[in-house]
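K.L.:
Contents of work34.cif (mmCIF, C-alpha atoms and all ligand atoms) are below:
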data_start
loop_
_atom_site.group_PDB
_atom_site.id
_atom_site.type_symbol
_atom_site.label_atom_id
_atom_site.label_comp_id
_atom_site.auth_asym_id
_atom_site.auth_seq_id
_atom_site.Cartn_x
_atom_site.Cartn_y
_atom_site.Cartn_z
ATOM 1 C CA MET A 1 104.193 105.921 129.523
ATOM 2 C CA LEU A 2 103.070 103.473 126.854
ATOM 3 C CA ARG A 3 103.284 99.959 128.234
ATOM 4 C CA PRO A 4 101.663 97.218 126.197
ATOM 5 C CA GLU A 5 101.510 93.787 127.813
ATOM 6 C CA PRO A 6 104.114 91.252 126.722
ATOM 7 C CA GLY A 7 103.160 89.057 123.794
ATOM 8 C CA PHE A 8 103.924 91.139 120.711
ATOM 9 C CA TYR A 9 106.595 88.726 119.515
ATOM 10 C CA GLU A 10 104.050 85.904 119.326
ATOM 11 C CA ALA A 11 101.507 88.276 117.770
ATOM 12 C CA VAL A 12 104.005 89.188 115.041
ATOM 13 C CA HIS A 13 104.306 85.508 114.188
ATOM 14 C CA ARG A 14 100.588 84.692 114.358
ATOM 15 C CA ARG A 15 99.169 87.766 112.612
ATOM 16 C CA VAL A 16 97.651 87.410 109.164
ATOM 17 C CA SER A 17 95.213 89.716 107.413
ATOM 18 C CA ARG A 18 91.628 88.425 107.647
ATOM 19 C CA ARG A 19 88.818 89.588 105.402
ATOM 20 C CA ASN A 20 85.759 87.566 106.502
ATOM 21 C CA TYR A 21 84.164 88.197 109.898
ATOM 22 C CA LEU A 22 81.424 86.716 112.065
ATOM 23 C CA LEU A 23 78.948 89.603 111.822
ATOM 24 C CA LYS A 24 79.272 90.636 115.464
ATOM 25 C CA PRO A 25 80.914 93.628 117.130
ATOM 26 C CA ALA A 26 84.234 93.130 118.912
ATOM 27 C CA PRO A 27 83.724 92.686 122.707
ATOM 28 C CA GLY A 28 83.250 95.967 124.577
ATOM 29 C CA HIS A 29 86.165 95.448 126.996
ATOM 30 C CA ASP A 30 88.555 94.810 124.103
ATOM 31 C CA LEU A 31 87.327 97.908 122.323
ATOM 32 C CA ASP A 32 87.788 99.879 125.572
ATOM 33 C CA GLU A 33 91.408 98.704 125.822
ATOM 34 C CA LEU A 34 92.156 99.613 122.213
ATOM 35 C CA GLU A 35 90.416 102.954 122.628
ATOM 36 C CA GLN A 36 92.564 103.804 125.660
ATOM 37 C CA LEU A 37 95.699 102.897 123.737
ATOM 38 C CA ALA A 38 94.590 104.956 120.726
ATOM 39 C CA ALA A 39 93.958 107.937 123.010
ATOM 40 C CA ARG A 40 97.447 107.643 124.491
ATOM 41 C CA PHE A 41 99.018 107.521 121.026
ATOM 42 C CA GLY A 42 97.051 110.645 120.125
ATOM 43 C CA GLU A 43 98.382 112.431 123.217
ATOM 44 C CA ALA A 44 101.981 111.354 122.542
ATOM 45 C CA GLU A 45 101.839 112.039 118.798
ATOM 46 C CA PRO A 46 99.607 115.016 117.997
ATOM 47 C CA GLU A 47 99.887 114.517 114.241
ATOM 48 C CA ILE A 48 97.962 111.233 114.237
ATOM 49 C CA ARG A 49 94.455 110.244 115.317
ATOM 50 C CA PHE A 50 93.186 106.715 115.628
ATOM 51 C CA VAL A 51 89.488 105.899 115.922
ATOM 52 C CA ILE A 52 88.185 102.634 117.351
ATOM 53 C CA GLY A 53 84.720 102.217 115.860
ATOM 54 C CA ARG A 54 82.314 99.975 117.743
ATOM 55 C CA GLU A 55 80.086 99.635 114.692
ATOM 56 C CA GLY A 56 79.806 101.022 111.187
ATOM 57 C CA ALA A 57 82.330 98.808 109.394
ATOM 58 C CA ASP A 58 79.548 97.773 107.013
ATOM 59 C CA ARG A 59 79.373 101.376 105.780
ATOM 60 C CA ILE A 60 83.133 101.408 105.279
ATOM 61 C CA PHE A 61 83.535 98.136 103.447
ATOM 62 C CA GLN A 62 80.170 97.089 102.020
ATOM 63 C CA GLY A 63 79.637 96.756 98.342
ATOM 64 C CA ARG A 64 83.196 96.796 97.060
ATOM 65 C CA ALA A 65 83.899 93.970 94.697
ATOM 66 C CA GLY A 66 87.326 92.674 93.795
ATOM 67 C CA TYR A 67 90.642 92.662 95.646
ATOM 68 C CA GLY A 68 90.384 92.681 99.351
ATOM 69 C CA MET A 69 86.642 92.899 99.856
ATOM 70 C CA ILE A 70 85.977 92.775 103.590
ATOM 71 C CA GLU A 71 82.829 90.940 104.711
ATOM 72 C CA GLY A 72 80.945 90.583 107.982
ATOM 73 C CA ALA A 73 82.910 93.120 110.036
ATOM 74 C CA ILE A 74 80.992 95.369 112.436
ATOM 75 C CA SER A 75 83.791 97.059 114.392
ATOM 76 C CA PHE A 76 86.754 98.807 112.794
ATOM 77 C CA MET A 77 89.837 100.957 113.313
ATOM 78 C CA ALA A 78 90.614 104.116 111.366
ATOM 79 C CA PHE A 79 94.107 105.585 111.025
ATOM 80 C CA ILE A 80 94.023 109.327 110.396
ATOM 81 C CA ALA A 81 96.858 111.762 109.567
ATOM 82 C CA LYS A 82 96.527 115.329 110.809
ATOM 83 C CA THR A 83 99.485 116.651 108.793
ATOM 84 C CA ASP A 84 100.925 115.677 105.422
ATOM 85 C CA HIS A 85 104.557 115.143 106.552
ATOM 86 C CA ALA A 86 106.149 111.867 105.477
ATOM 87 C CA ASP A 87 106.972 111.291 109.171
ATOM 88 C CA THR A 88 103.260 111.271 109.952
ATOM 89 C CA LEU A 89 102.729 108.278 107.674
ATOM 90 C CA LEU A 90 105.648 106.522 109.363
ATOM 91 C CA ARG A 91 103.919 107.070 112.706
ATOM 92 C CA ILE A 92 100.589 105.857 111.313
ATOM 93 C CA GLY A 93 102.304 102.594 110.397
ATOM 94 C CA TYR A 94 104.255 102.250 113.637
ATOM 95 C CA TYR A 95 101.451 103.026 116.084
ATOM 96 C CA GLY A 96 98.740 101.547 113.873
ATOM 97 C CA GLU A 97 100.574 98.230 113.912
ATOM 98 C CA TRP A 98 100.851 98.557 117.698
ATOM 99 C CA LEU A 99 97.036 98.550 117.742
ATOM 100 C CA VAL A 100 96.948 95.662 115.264
ATOM 101 C CA LEU A 101 99.280 93.545 117.417
ATOM 102 C CA THR A 102 97.318 94.459 120.543
ATOM 103 C CA ALA A 103 94.114 93.384 118.798
ATOM 104 C CA MET A 104 95.837 90.141 117.830
ATOM 105 C CA LYS A 105 96.758 89.527 121.465
ATOM 106 C CA LEU A 106 93.129 90.115 122.424
ATOM 107 C CA GLY A 107 92.075 87.450 119.924
ATOM 108 C CA LEU A 108 90.762 89.900 117.341
ATOM 109 C CA SER A 109 91.596 89.874 113.660
ATOM 110 C CA THR A 110 92.428 92.846 111.466
ATOM 111 C CA CYS A 111 93.449 93.794 107.941
ATOM 112 C CA TRP A 112 95.185 97.039 107.027
ATOM 113 C CA VAL A 113 93.162 98.521 104.150
ATOM 114 C CA ALA A 114 94.366 101.539 102.169
ATOM 115 C CA GLY A 115 92.437 101.064 98.954
ATOM 116 C CA THR A 116 89.482 98.710 99.032
ATOM 117 C CA PHE A 117 87.065 100.712 101.135
ATOM 118 C CA LYS A 118 84.402 103.342 100.532
ATOM 119 C CA ARG A 119 86.321 106.544 101.175
ATOM 120 C CA ALA A 120 83.505 109.101 100.986
ATOM 121 C CA ALA A 121 81.177 107.100 103.261
ATOM 122 C CA SER A 122 84.036 106.467 105.692
ATOM 123 C CA GLU A 123 85.036 110.121 105.867
ATOM 124 C CA ALA A 124 81.430 111.096 106.540
ATOM 125 C CA LEU A 125 81.158 108.463 109.279
ATOM 126 C CA LEU A 126 84.361 109.689 110.938
ATOM 127 C CA SER A 127 83.555 113.420 110.672
ATOM 128 C CA LEU A 128 87.110 114.329 109.625
ATOM 129 C CA ALA A 129 88.321 117.796 110.625
ATOM 130 C CA PRO A 130 89.732 120.082 107.904
ATOM 131 C CA GLY A 131 93.242 118.959 106.973
ATOM 132 C CA GLU A 132 92.780 115.424 108.282
ATOM 133 C CA GLU A 133 93.379 112.538 105.900
ATOM 134 C CA LEU A 134 92.018 109.053 106.327
ATOM 135 C CA VAL A 135 95.081 106.944 105.527
ATOM 136 C CA CYS A 136 93.891 103.414 106.273
ATOM 137 C CA VAL A 137 91.083 101.486 107.928
ATOM 138 C CA SER A 138 90.911 97.981 109.331
ATOM 139 C CA PRO A 139 88.075 95.640 110.192
ATOM 140 C CA LEU A 140 88.261 94.563 113.829
ATOM 141 C CA GLY A 141 86.656 91.473 115.276
ATOM 142 C CA GLU A 142 86.371 87.737 115.288
ATOM 143 C CA ALA A 143 87.115 86.322 111.854
ATOM 144 C CA VAL A 144 85.349 83.207 110.579
ATOM 145 C CA PRO A 145 87.322 80.256 111.993
ATOM 146 C CA GLU A 146 88.625 78.985 108.668
ATOM 147 C CA LYS A 147 89.666 81.168 105.777
ATOM 148 C CA THR A 148 86.937 81.205 103.124
ATOM 149 C CA LEU A 149 87.701 80.200 99.544
ATOM 150 C CA LYS A 150 87.542 83.857 98.629
ATOM 151 C CA GLU A 151 90.106 84.767 101.273
ATOM 152 C CA PHE A 152 92.361 82.021 99.979
ATOM 153 C CA ALA A 153 91.940 83.357 96.459
ATOM 154 C CA ILE A 154 92.904 86.892 97.552
ATOM 155 C CA THR A 155 95.937 85.822 99.569
ATOM 156 C CA THR A 156 97.097 83.576 96.727
ATOM 157 C CA LEU A 157 96.690 86.415 94.252
ATOM 158 C CA MET A 158 98.631 88.745 96.549
ATOM 159 C CA GLY A 159 101.264 86.137 97.341
ATOM 160 C CA SER A 160 100.505 87.196 100.916
ATOM 161 C CA ARG A 161 102.378 84.362 102.586
ATOM 162 C CA LYS A 162 105.588 85.025 100.649
ATOM 163 C CA ARG A 163 108.286 87.052 102.306
ATOM 164 C CA LYS A 164 111.620 88.260 100.989
ATOM 165 C CA LYS A 165 114.737 86.574 102.299
ATOM 166 C CA LEU A 166 116.927 88.455 104.791
ATOM 167 C CA GLY A 167 119.575 88.997 102.124
ATOM 168 C CA GLU A 168 117.016 90.810 99.963
ATOM 169 C CA ILE A 169 115.916 93.254 102.647
ATOM 170 C CA LEU A 170 119.523 93.766 103.811
ATOM 171 C CA PRO A 171 121.231 93.982 100.423
ATOM 172 C CA GLU A 172 124.657 95.301 101.442
ATOM 173 C CA THR A 173 125.513 92.952 104.322
ATOM 174 C CA ASP A 174 125.649 89.192 104.730
ATOM 175 C CA PRO A 175 122.923 88.467 107.335
ATOM 176 C CA GLU A 176 125.079 85.657 108.752
ATOM 177 C CA THR A 177 127.571 88.256 110.028
ATOM 178 C CA LEU A 178 124.917 90.067 112.115
ATOM 179 C CA PRO A 179 124.598 89.789 115.895
ATOM 180 C CA ALA A 180 121.687 87.514 116.831
ATOM 181 C CA TRP A 181 119.442 90.377 117.984
ATOM 182 C CA GLN A 182 119.720 92.178 114.651
ATOM 183 C CA LYS A 183 118.871 88.998 112.793
ATOM 184 C CA THR A 184 115.810 88.365 114.977
ATOM 185 C CA ALA A 185 114.759 91.994 114.571
ATOM 186 C CA LEU A 186 115.055 91.805 110.779
ATOM 187 C CA GLU A 187 113.169 88.517 110.689
ATOM 188 C CA CYS A 188 110.298 90.176 112.578
ATOM 189 C CA ALA A 189 110.450 93.245 110.301
ATOM 190 C CA GLY A 190 110.248 90.971 107.278
ATOM 191 C CA MET A 191 106.992 89.472 108.578
ATOM 192 C CA ALA A 192 105.251 92.854 108.578
ATOM 193 C CA PRO A 193 102.155 93.341 106.429
ATOM 194 C CA SER A 194 102.459 95.745 103.489
ATOM 195 C CA GLY A 195 100.232 97.089 100.727
ATOM 196 C CA ILE A 196 99.874 94.357 98.056
ATOM 197 C CA ASN A 197 102.651 92.616 99.969
ATOM 198 C CA LEU A 198 105.324 94.715 98.251
ATOM 199 C CA GLN A 199 107.646 94.647 101.288
ATOM 200 C CA PRO A 200 109.264 97.944 100.256
ATOM 201 C CA TRP A 201 111.619 98.140 103.276
ATOM 202 C CA ARG A 202 115.369 97.840 102.916
ATOM 203 C CA PHE A 203 117.793 97.918 105.829
ATOM 204 C CA SER A 204 121.439 98.978 106.139
ATOM 205 C CA VAL A 205 123.792 98.316 109.021
ATOM 206 C CA ASN A 206 125.465 101.393 110.526
ATOM 207 C CA GLY A 207 127.725 100.108 113.329
ATOM 208 C CA ASP A 208 125.380 98.714 115.974
ATOM 209 C CA ARG A 209 122.578 100.796 114.474
ATOM 210 C CA MET A 210 120.179 99.851 111.699
ATOM 211 C CA ARG A 211 118.760 102.178 109.063
ATOM 212 C CA ILE A 212 115.588 101.726 107.069
ATOM 213 C CA ARG A 213 114.782 103.123 103.631
ATOM 214 C CA ILE A 214 112.334 102.473 100.821
ATOM 215 C CA ALA A 215 113.585 100.226 98.031
ATOM 216 C CA GLU A 216 114.316 102.009 94.786
ATOM 217 C CA GLY A 217 111.227 102.319 92.620
ATOM 218 C CA LYS A 218 108.860 101.319 95.430
ATOM 219 C CA SER A 219 108.149 104.689 96.994
ATOM 220 C CA ARG A 220 104.584 104.987 95.751
ATOM 221 C CA GLY A 221 101.410 103.762 97.440
ATOM 222 C CA THR A 222 101.684 102.724 101.067
ATOM 223 C CA ALA A 223 105.496 102.409 101.214
ATOM 224 C CA VAL A 224 106.042 104.850 104.108
ATOM 225 C CA VAL A 225 103.218 103.360 106.185
ATOM 226 C CA ASP A 226 104.617 99.888 105.424
ATOM 227 C CA CYS A 227 108.054 100.954 106.672
ATOM 228 C CA GLY A 228 106.525 102.330 109.890
ATOM 229 C CA ILE A 229 104.914 98.933 110.443
ATOM 230 C CA ALA A 230 108.219 97.150 109.778
ATOM 231 C CA MET A 231 109.944 99.468 112.272
ATOM 232 C CA LEU A 232 107.651 98.335 115.079
ATOM 233 C CA HIS A 233 108.212 94.698 114.107
ATOM 234 C CA PHE A 234 111.976 95.306 114.143
ATOM 235 C CA LEU A 235 111.737 96.680 117.665
ATOM 236 C CA VAL A 236 109.652 93.712 118.785
ATOM 237 C CA GLY A 237 112.349 91.336 117.504
ATOM 238 C CA ALA A 238 115.160 93.332 119.119
ATOM 239 C CA ARG A 239 113.304 93.375 122.444
ATOM 240 C CA HIS A 240 112.756 89.644 122.210
ATOM 241 C CA ASP A 241 116.539 89.242 122.153
ATOM 242 C CA GLY A 242 117.014 91.653 125.057
ATOM 243 C CA VAL A 243 117.912 94.821 123.136
ATOM 244 C CA SER A 244 115.762 97.902 123.515
ATOM 245 C CA GLY A 245 116.232 101.188 121.742
ATOM 246 C CA ILE A 246 114.558 103.927 119.796
ATOM 247 C CA TRP A 247 113.971 104.791 116.177
ATOM 248 C CA THR A 248 115.249 108.259 115.458
ATOM 249 C CA VAL A 249 115.866 110.551 112.483
ATOM 250 C CA ALA A 250 118.396 109.542 109.828
ATOM 251 C CA PRO A 251 119.818 111.350 106.786
ATOM 252 C CA GLU A 252 118.191 110.833 103.400
ATOM 253 C CA PRO A 253 117.569 108.439 101.722
ATOM 254 C CA TYR A 254 116.886 106.752 105.042
ATOM 255 C CA LEU A 255 113.581 107.158 106.852
ATOM 256 C CA ALA A 256 114.878 106.394 110.324
ATOM 257 C CA GLU A 257 117.667 104.765 112.293
ATOM 258 C CA PHE A 258 117.341 102.290 115.155
ATOM 259 C CA VAL A 259 119.637 103.198 118.042
ATOM 260 C CA PRO A 260 120.030 100.364 120.552
ATOM 261 C CA ASP A 261 119.967 101.296 124.199
ATOM 262 C CA ARG A 262 120.700 98.492 126.547
ATOM 263 C CA SER A 263 119.718 100.652 129.529
ATOM 264 C CA ALA A 264 116.128 100.552 128.240
ATOM 265 C CA SER A 265 115.493 104.197 129.044
ATOM 266 C CA PHE A 266 112.267 105.686 127.820
ATOM 267 C CA SER A 267 112.526 108.416 125.222
ATOM 268 C CA THR A 268 110.392 111.468 125.844
ATOM 269 C CA SER A 269 112.386 114.145 124.107
ATOM 270 C CA SER A 270 112.190 115.029 120.428
ATOM 271 C CA ALA A 271 108.995 114.622 118.453
ATOM 272 C CA SER A 272 111.185 113.109 115.741
ATOM 273 C CA GLN A 273 111.691 110.000 117.865
ATOM 274 C CA MET A 274 109.258 107.133 117.980
ATOM 275 C CA LYS A 275 108.317 106.944 121.612
ATOM 276 C CA GLY A 276 107.362 103.956 123.677
ATOM 277 C CA GLY A 277 109.597 101.420 122.042
ATOM 278 C CA PRO A 278 111.364 100.069 125.090
ATOM 279 C CA ASP A 279 108.114 98.796 126.533
ATOM 280 C CA VAL A 280 107.308 96.458 123.680
ATOM 281 C CA GLN A 281 107.952 92.811 124.418
HETATM 282 C C1 LIG B 301 99.326 99.866 104.451
HETATM 283 C C2 LIG B 301 98.613 98.630 103.954
HETATM 284 C C3 LIG B 301 97.542 98.754 103.076
HETATM 285 C C4 LIG B 301 96.827 97.621 102.654
HETATM 286 N N1 LIG B 301 95.729 97.782 101.838
HETATM 287 C C5 LIG B 301 94.952 96.709 101.543
HETATM 288 C C6 LIG B 301 93.744 96.877 100.805
HETATM 289 O O1 LIG B 301 93.387 97.973 100.354
HETATM 290 N N2 LIG B 301 92.962 95.771 100.609
HETATM 291 C C7 LIG B 301 93.311 94.541 101.105
HETATM 292 O O2 LIG B 301 92.559 93.592 100.922
HETATM 293 N N3 LIG B 301 94.485 94.346 101.773
HETATM 294 C C8 LIG B 301 95.297 95.399 102.009
HETATM 295 N N4 LIG B 301 96.456 95.234 102.734
HETATM 296 C C9 LIG B 301 96.825 93.897 103.241
HETATM 297 C C10 LIG B 301 97.966 93.288 102.424
HETATM 298 O O3 LIG B 301 97.476 92.792 101.185
HETATM 299 C C11 LIG B 301 98.629 92.172 103.251
HETATM 300 O O4 LIG B 301 99.190 92.729 104.407
HETATM 301 C C12 LIG B 301 99.728 91.443 102.493
HETATM 302 O O5 LIG B 301 99.197 90.765 101.378
HETATM 303 C C13 LIG B 301 100.457 90.439 103.396
HETATM 304 O O6 LIG B 301 99.550 89.501 103.921
HETATM 305 P P1 LIG B 301 99.381 89.293 105.487
HETATM 306 O O7 LIG B 301 98.954 90.628 106.077
HETATM 307 O O8 LIG B 301 98.315 88.246 105.621
HETATM 308 O O9 LIG B 301 100.702 88.865 106.050
HETATM 309 C C14 LIG B 301 97.212 96.339 103.111
HETATM 310 C C15 LIG B 301 98.316 96.224 103.974
HETATM 311 C C16 LIG B 301 99.004 97.341 104.391
HETATM 312 C C17 LIG B 301 100.152 97.205 105.337
#
For the file at hand, write its structure as structure tokens.
Ligand SMILES: Cc1cc2nc3c(=O)[nH]c(=O)nc-3n(C[C@H](O)[C@H](O)[C@H](O)COP(=O)(O)O)c2cc1C
P.N.:
Amino acid sequence: MLRPEPGFYEAVHRRVSRRNYLLKPAPGHDLDELEQLAARFGEAEPEIRFVIGREGADRIFQGRAGYGMIEGAISFMAFIAKTDHADTLLRIGYYGEWLVLTAMKLGLSTCWVAGTFKRAASEALLSLAPGEELVCVSPLGEAVPEKTLKEFAITTLMGSRKRKKLGEILPETDPETLPAWQKTALECAGMAPSGINLQPWRFSVNGDRMRIRIAEGKSRGTAVVDCGIAMLHFLVGARHDGVSGIWTVAPEPYLAEFVPDRSASFSTSSASQMKGGPDVQ
């Protein structure tokens, strides 16, 4: 059973992408913890593979100029898809963010990176099996205490601190009419990181359930991974307000539907369900 320690709610609120690091590997015991978690995700979800790299981040990130250049990182995480189903990318986002929030709790910084890394060198470093796709990487470690001018420039360019209002990500319903737990859950979802901060997730109320889809015209790039990340954040918010549940399949155009379960039972059945949710706090 996947049981992260409490503290994800705070991690959701504290997390920011960091791109400048202190040129030292992440502590071994933290890497061990993340590695164990990654192994458990791999067992539970055979279509994804996560690698916790103790060193080698310089080979992944070095020498790329422009948007998002990562500096000084030694350790890293790699998020690998073993199949090309859209669901796999959703899982990469969901479980990848679980690692990101765990790293945050351990005092380590991260930054989801889908574009600004050296793909060929990274694939060689990771010895990908045939059919595997390297979806994203992240530096992992202690960031420099204060954001550098360059980091400020990147986050300003990206508008990284800006988030859409609840009414924008829930276009068909007045957020003020929602039960408190749904509002908290959506607030947490809205704080999720996304590729170039596009925030492509849109939510729709379906009774006491909540559906997620990609906003019209935003389905390219990292949209599905972004929605997987937002789904974990949603669950963290719901749990904070005492509501557990699972994300399960939903009809198109939706990617998934959150089904609340106040009995907090653990889902182990269909592979189409995101497992482990009820244990997030
Ligand atoms: C799937 C994904 C891919 C991303 N790819 C990159 C990237 O290639 N380079 C980069 O510098 N940042 C990348 N980011 C980080 C986003 O720019 C960042 O999450 C967004 O601007 C919001 O800022 P925040 O994470 O500090 O809240 C990515 C984020 C996500 C979720």
K.L.:
Env of Arg49 of chain A: 8 Å cut, atoms = all atoms listed in the file, seq-sep filter 2 positions within chain, self excluded. Answer as a ChimeraX atom specification.
P.N.:
/A:38,41-42,46-47,51,79-82
K.L.:
Output C-alpha atoms of each residue in that selection to a file, as a short mmCIF file (atom, residue, chain, number, x, y, z; two decimals), keeping the file's coordinate frame.
P.N.:
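In the end it all went to part-v6.cif:
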data_model
loop_
_atom_site.label_atom_id
_atom_site.label_comp_id
_atom_site.auth_asym_id
_atom_site.auth_seq_id
_atom_site.Cartn_x
_atom_site.Cartn_y
_atom_site.Cartn_z
CA ALA A 38 94.59 104.96 120.73
CA PHE A 41 99.02 107.52 121.03
CA GLY A 42 97.05 110.64 120.12
CA PRO A 46 99.61 115.02 118.00
CA GLU A 47 99.89 114.52 114.24
CA VAL A 51 89.49 105.90 115.92
CA PHE A 79 94.11 105.58 111.02
CA ILE A 80 94.02 109.33 110.40
CA ALA A 81 96.86 111.76 109.57
CA LYS A 82 96.53 115.33 110.81
#
K.L.:
Please return as a VMD selection string the residues found within 8 Å of ligand LIG 301 (chain B), counting only C-alpha atoms and all ligand atoms.
P.N.:
chain A and resid 15 to 19 67 to 70 93 111 to 117 136 154 to 155 158 to 162 191 to 198 222 to 223 225 to 226 229
K.L.:
Within 6 Å of (97.7, 92.8, 118.0) (file coordinates; all atoms listed in the file), which protein or nucleic acid residues are there? I'd like them as a PDB file with C-alpha atoms, in the coordinates of the input.
P.N.:
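Just written: selection_20.pdb:
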ATOM      1  CA  ALA A  11     101.507  88.276 117.770  1.00  0.00           C
ATOM      2  CA  LEU A  99      97.036  98.550 117.742  1.00  0.00           C
ATOM      3  CA  VAL A 100      96.948  95.662 115.264  1.00  0.00           C
ATOM      4  CA  LEU A 101      99.280  93.545 117.417  1.00  0.00           C
ATOM      5  CA  THR A 102      97.318  94.459 120.543  1.00  0.00           C
ATOM      6  CA  ALA A 103      94.114  93.384 118.798  1.00  0.00           C
ATOM      7  CA  MET A 104      95.837  90.141 117.830  1.00  0.00           C
ATOM      8  CA  LYS A 105      96.758  89.527 121.465  1.00  0.00           C
TER       9      LYS A 105
END
K.L.:
Interatomic distance between atom CA of Pro27 of chain A and atom CA of Phe8 of chain A?
P.N.:
20.4 Å
K.L.:
Selected by the PyMOL selection byres (((chain A and resi 21) around 9) and not hetatm) in the shown coordinates: which residues, as a list in words?
P.N.:
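Residues picked by the PyMOL selection byres (((chain A and resi 21) around 9) and not hetatm): Arg18, Arg19, Asn20, Leu22, Leu23, Lys24, Ile70, Glu71, Gly72, Ala73, Ile74, Ser109, Pro139, Leu140, Gly141, Glu142, Ala143, Val144 and Pro145 of chain A.
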K.L.:
Could you please determine the separation between atom CA of Val249 of chain A and atom CA of Leu170 of chain A in Å, to one decimal place?
P.N.:
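The value is 19.2 Å.
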K.L.:
Once the PyMOL selection byres (((chain A and resi 123) around 12) and not hetatm) has been evaluated on this model, what residues remain selected, and can you format them as a count of residues only?
P.N.:
26
K.L.:
What does the structure give for the distance between atom CA of Phe50 of chain A and atom CA of Thr248 of chain A, in Å to one decimal?
P.N.:
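Computing the Euclidean distance for atom CA of Phe50 of chain A and atom CA of Thr248 of chain A yields 22.1 Å.
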K.L.:
Taking only C-alpha atoms into account, which of A:Ala26, A:Ile246, A:Ala189, A:Val205 comes nearest Gly107 of chain A?
P.N.:
A:Ala26
K.L.:
Run the PyMOL selection byres (((chain A and resi 260) around 8) and not hetatm) against the file shown and list the residues it catches, as JSON, numbers by chain.
P.N.:
{"A": [208, 209, 243, 244, 245, 246, 258, 259, 261, 262]}
K.L.:
Using all atoms listed in the file, find all polymer residues with an atom at most 7 Å away from the point (110.9, 86.9, 105.6); report them as a list in words.
P.N.:
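In the file's frame, the residues around the point are Arg163, Lys164, Lys165, Leu166, Glu187, Gly190 and Met191 of chain A.
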K.L.:
Under the rule that only C-alpha atoms are counted, which of A:Pro253, A:Pro179, A:Gly237, A:Gly228 is the nearest residue to Ala215 of chain A?
P.N.:
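Distance minimum relative to Ala215 of chain A lands on A:Pro253.
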K.L.:
Go through A:Glu45, A:Ala185, A:Asn206, A:His13 and flag the residue nearest Asp87 of chain A, using only C-alpha atoms for the distances.
P.N.:
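Checking each of A:Glu45, A:Ala185, A:Asn206, A:His13 against Asp87 of chain A, counting only C-alpha atoms, the winner is A:Glu45.
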K.L.:
When you count only C-alpha atoms, which of these residues is closest to Glu172 of chain A: A:Phe234, A:Phe76, A:Phe203, A:Phe152?
P.N.:
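Distance minimum relative to Glu172 of chain A lands on A:Phe203.
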K.L.:
When distances are computed from all atoms listed in the file, which of A:Tyr9, A:Cys227, A:Leu34, A:Arg40 shows the smallest separation from Arg239 of chain A?
P.N.:
A:Tyr9
K.L.:
May I ask which of the residues A:Pro25, A:Gly217, A:Gly242, A:Gly167 is the closest one to Trp181 of chain A, counting only C-alpha atoms?
P.N.:
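Closest to Trp181 of chain A of all the choices is A:Gly242.
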